[in-house]
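A quick write-up on the structure given underneath.
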Amino acid sequence: MSDQQAKKRLYIKTYGCQMNVYDSERMADVLAPLGYGLTDTPEGADLVVLNTCHIREKATEKTYSELGRLKALKLAKAAEGGAMTIAVAGCVAQAEGAEIMRRQPAVDFVVGPQSYHQLPELIARTYRALGQRLAAEFAAEEKFDALPVDRAVTGVTAFLTVQEGCDKFCTFCVVPYTRGAEYSRPVEAILAEARGLAAKGVRELTLLGQNVNAYAGAGGLAGLARQLAKISGIDRIRYTTSHPRDMDEALIAAHGELDALMPFLHLPVQSGSDRVLKAMNRGHTSDHYLRLVERIRAARPDIALSGDFIVGFPGETDREFEQTLELVGQVRYAQAFSFKYSPRPGTPASALAGQVPESVKEDRLARLQDLLNEHQTDFNAAQAGRTLPVLFEKIGRRPGQVVGRSPYLQPVHIEGSPSLIGTIAPVEITQATRGSLTGRLAQDAMAVA
């Protein structure tokens, strides 16, 4: 934990019943991963939480009286260049949230007794409104400004970060707290870095971002891809990781119109159950996702999809897991990543009821992976007999072997000269396994310079 994190002081004042005492303890647990340690006094605290009781009117008035005192402490800390965040939790917050904010503007947010697991999200949003960030030593734009412009290049492919952070607040994910708000790099900085990479022999760029298709400059990610495709030497463009909510029509159209944009899309869905998706705060339904896939495939019929899945999310039933298998059966992914749900401290999902037993999660994951592996094997097998353009990247393990990547990101092995490295050449696929393809140079192979 950094020094900055260790200095965050949390003061919780508890009113009322034993349930409130328990809730206060859980709030401290939820906030600990964000660097908040308990203190016995509100003086000098970075975050003050009043966990309130609504049983008696006097208790409510005590809350307002305490808020008046905290306001004075907040103003005093601000005068010294510091900041205090004030939150009201518990039953008074649930019953009188709007009234609390009206009567005492010093309160930054209110949270009811069933929602204290959302404290990290609420605090993150409050910090952002103040121009601050949680668990970060400097802002994203400062980080990129500090990076050297000239990059060392070791091959013909390179990653290029265009976006950082996330505003989606999926309940299982720590990214909004550790990476902060979505930030898009200026287009000119990206293009300058890409030109530098191309000058060093890079032919394929993979654009990176926590929500890469939320890129907000240059007409969105589609506009950025179109500009990057104009750079001499850049022949292939990929991007990861995308979110279904940010897959706009312009980007879908670009997949059908831009030759450099590879026909391979990583589009995580996580679950096929609408109830689970809602509990995850994904912001889309399974039907929305499937209709999105239809539009993408209509624009680019040969596109292959990759996905992410979480099994055993809190409360997931056997039927809801079956709905995930059904969605997989409809989409048929060329590749996928799948995981058992694992609680991340400080995330809302870690406090949800209905945590699924480990043995159930293991069984579901095995069943899902069997299906995903079957589909990946089928997809690769379907490439046998096709001729695919392959970008050769390196020497293979066996003497006389070189290895490249197909448009679908599959490793492709052939017998060939090291002089092929850095070129794109047509390869007749002769054999396929679940993990890779084998082939030979097409008879009329003409490497693209």
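Going through the structure tokens in order, the chains are called A, B, and so on, while each chain numbers its residues from 1 and the ligands are numbered from 1 in the order shown.
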
Per-residue DSSP, region 162-249 of chain A, filtered to strand (DSSP E), as number ranges by chain:
A: 163-164, 183-184, 204-208, 236-240

DSSP-assigned helix (DSSP H, G or I) members of region 178-423 of chain A, reported as number ranges by chain
A: 178, 187-199, 212-214, 220-229, 244-246, 249-257, 274-279, 286-299, 318-331, 348-351, 358-381, 418-420

Can you list, as a list in words, every protein, DNA or RNA residue that comes within 9 Å of Ile421 (chain A) when you count only C-alpha atoms, leaving out same-chain residues fewer than 2 positions away?
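Everything that qualifies: Val156, Leu391, Phe392, Glu393, Lys394, Ile395, Val402, Val403, Gly404, Ser417, Pro418, Ser419, Thr423 and Ile424 of chain A.
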
At a cut-off of 7 Å, using only C-alpha atoms, what residues contact region 379-390 of chain A? Leave out same-chain residues fewer than 5 positions from it and give the result as a PDB file with N, CA and C atoms, in the first residue's frame.
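So the final result, stored in part12.pdb, reads:
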ATOM      1  N   ALA A 334     -14.817 -18.068 -31.112  1.00  0.00           N
ATOM      2  CA  ALA A 334     -13.574 -18.628 -31.634  1.00  0.00           C
ATOM      3  C   ALA A 334     -12.539 -18.784 -30.530  1.00  0.00           C
ATOM      4  N   GLY A 404       3.599 -17.050 -37.519  1.00  0.00           N
ATOM      5  CA  GLY A 404       2.898 -15.782 -37.649  1.00  0.00           C
ATOM      6  C   GLY A 404       1.510 -15.870 -37.061  1.00  0.00           C
ATOM      7  N   ARG A 405       0.689 -14.845 -37.369  1.00  0.00           N
ATOM      8  CA  ARG A 405      -0.682 -14.807 -36.861  1.00  0.00           C
ATOM      9  C   ARG A 405      -1.643 -14.617 -38.027  1.00  0.00           C
ATOM     10  N   SER A 406      -2.749 -15.356 -37.951  1.00  0.00           N
ATOM     11  CA  SER A 406      -3.816 -15.175 -38.925  1.00  0.00           C
ATOM     12  C   SER A 406      -4.609 -13.910 -38.571  1.00  0.00           C
ATOM     13  N   PRO A 407      -5.528 -13.484 -39.437  1.00  0.00           N
ATOM     14  CA  PRO A 407      -6.387 -12.358 -39.074  1.00  0.00           C
ATOM     15  C   PRO A 407      -7.199 -12.620 -37.802  1.00  0.00           C
ATOM     16  N   ILE A 424       3.640 -10.046 -44.745  1.00  0.00           N
ATOM     17  CA  ILE A 424       2.315 -10.674 -44.738  1.00  0.00           C
ATOM     18  C   ILE A 424       2.216 -11.492 -46.020  1.00  0.00           C
ATOM     19  N   ALA A 425       1.971 -12.786 -45.872  1.00  0.00           N
ATOM     20  CA  ALA A 425       1.951 -13.680 -47.034  1.00  0.00           C
ATOM     21  C   ALA A 425       0.782 -14.636 -46.936  1.00  0.00           C
ATOM     22  N   PRO A 426       0.237 -15.074 -48.087  1.00  0.00           N
ATOM     23  CA  PRO A 426      -0.879 -16.021 -48.074  1.00  0.00           C
ATOM     24  C   PRO A 426      -0.393 -17.426 -47.730  1.00  0.00           C
ATOM     25  N   VAL A 427      -1.119 -18.057 -46.822  1.00  0.00           N
ATOM     26  CA  VAL A 427      -0.754 -19.383 -46.358  1.00  0.00           C
ATOM     27  C   VAL A 427      -1.944 -20.320 -46.526  1.00  0.00           C
ATOM     28  N   GLU A 428      -1.697 -21.468 -47.166  1.00  0.00           N
ATOM     29  CA  GLU A 428      -2.714 -22.512 -47.265  1.00  0.00           C
ATOM     30  C   GLU A 428      -2.709 -23.315 -45.966  1.00  0.00           C
ATOM     31  N   ILE A 429      -3.823 -23.313 -45.249  1.00  0.00           N
ATOM     32  CA  ILE A 429      -3.908 -24.007 -43.970  1.00  0.00           C
ATOM     33  C   ILE A 429      -4.146 -25.488 -44.235  1.00  0.00           C
ATOM     34  N   THR A 430      -3.250 -26.315 -43.703  1.00  0.00           N
ATOM     35  CA  THR A 430      -3.320 -27.758 -43.945  1.00  0.00           C
ATOM     36  C   THR A 430      -3.767 -28.544 -42.727  1.00  0.00           C
ATOM     37  N   GLN A 431      -3.601 -27.964 -41.545  1.00  0.00           N
ATOM     38  CA  GLN A 431      -3.903 -28.715 -40.332  1.00  0.00           C
ATOM     39  C   GLN A 431      -4.272 -27.736 -39.226  1.00  0.00           C
ATOM     40  N   ALA A 432      -5.145 -28.183 -38.309  1.00  0.00           N
ATOM     41  CA  ALA A 432      -5.569 -27.320 -37.220  1.00  0.00           C
ATOM     42  C   ALA A 432      -5.685 -28.114 -35.927  1.00  0.00           C
ATOM     43  N   THR A 433      -5.285 -27.475 -34.825  1.00  0.00           N
ATOM     44  CA  THR A 433      -5.559 -27.985 -33.476  1.00  0.00           C
ATOM     45  C   THR A 433      -6.348 -26.909 -32.753  1.00  0.00           C
ATOM     46  N   ARG A 434      -6.708 -27.160 -31.508  1.00  0.00           N
ATOM     47  CA  ARG A 434      -7.448 -26.132 -30.767  1.00  0.00           C
ATOM     48  C   ARG A 434      -6.613 -24.878 -30.546  1.00  0.00           C
TER      49      ARG A 434
END

Distance criterion (only C-alpha atoms): nearest to Thr154 (chain A) out of A:Ala353, A:Ala298, A:Val202, A:Met280:
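Going through A:Ala353, A:Ala298, A:Val202, A:Met280 one by one, the smallest distance to Thr154 (chain A) is for A:Val202.
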
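Taking CA of Ile234 (chain A) as the reference point, CA of Asp302 (chain A) is found at 21.4 Å.
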
Residues near Lys77 (chain A), anyone? I mean within 8 Å using only C-alpha atoms, not counting same-chain ones fewer than 6 positions away, as a PDB file with C-alpha atoms, in the first residue's frame.
ATOM      1  CA  GLY A  44      -8.534  15.394  10.565  1.00  0.00           C
ATOM      2  CA  ALA A  83     -10.496  17.695   2.055  1.00  0.00           C
ATOM      3  CA  MET A  84     -13.050  15.809   4.125  1.00  0.00           C
TER       4      MET A  84
END

Skipping near chain neighbours, those fewer than 5 positions away, what residues fall within 12 Å of Gly283 (chain A) using only C-alpha atoms, listed as a compact mmCIF listing (two decimals) with C-alpha atoms, in the first residue's frame?
# COMPACT_ATOMS: atom_id res chain seq x y z
CA ASP A 167 -16.98 4.42 -15.61
CA LYS A 168 -19.08 1.25 -15.80
CA PHE A 169 -18.76 0.08 -12.18
CA CYS A 170 -19.43 -3.60 -12.77
CA THR A 171 -20.03 -4.90 -9.27
CA HIS A 243 -17.68 -3.26 -23.71
CA PRO A 244 -21.02 -4.02 -25.39
CA ARG A 245 -22.43 -0.68 -24.21
CA ASP A 246 -19.75 1.19 -26.17
CA VAL A 269 -20.61 -10.66 -22.01
CA GLN A 270 -19.86 -12.37 -18.63
CA ASP A 274 -30.41 -11.11 -17.45
CA ARG A 275 -30.81 -11.19 -13.68
CA VAL A 276 -27.11 -11.90 -13.20
CA LEU A 277 -26.17 -9.21 -15.74
CA LYS A 278 -28.26 -6.72 -13.78
CA HIS A 288 -29.11 -6.73 -26.45
CA TYR A 289 -25.81 -8.58 -26.69

When you look at Gly82 (chain A) with a cut-off of 12 Å (counting only C-alpha atoms), what residues show up, excluding the ones that are within fewer than 2 positions of it in the same chain? I need them as a list in words.
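My reading of the contact set: Lys8, Glu43, Gly44, Ala45, Asp46, Leu47, Leu73, Lys74, Leu75, Ala76, Lys77, Ala78, Ala79, Glu80, Met84, Thr85, Leu130 and Gln132 of chain A.
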
In terms of the shortest atom-to-atom distance over only C-alpha atoms, which of A:Pro186, A:Gly272, A:Pro314, A:Gly97 is closest to Pro348 (chain A)?
A:Pro314

Can you work out the spacing between CA of Ile123 (chain A) and CA of Ile86 (chain A) in Å, to one decimal?
9.8 Å

Nearest residue to Asn20 (chain A) from the set A:Gln104, A:Ser350, A:Ser286, A:Cys91 (distances using only C-alpha atoms)
A:Cys91
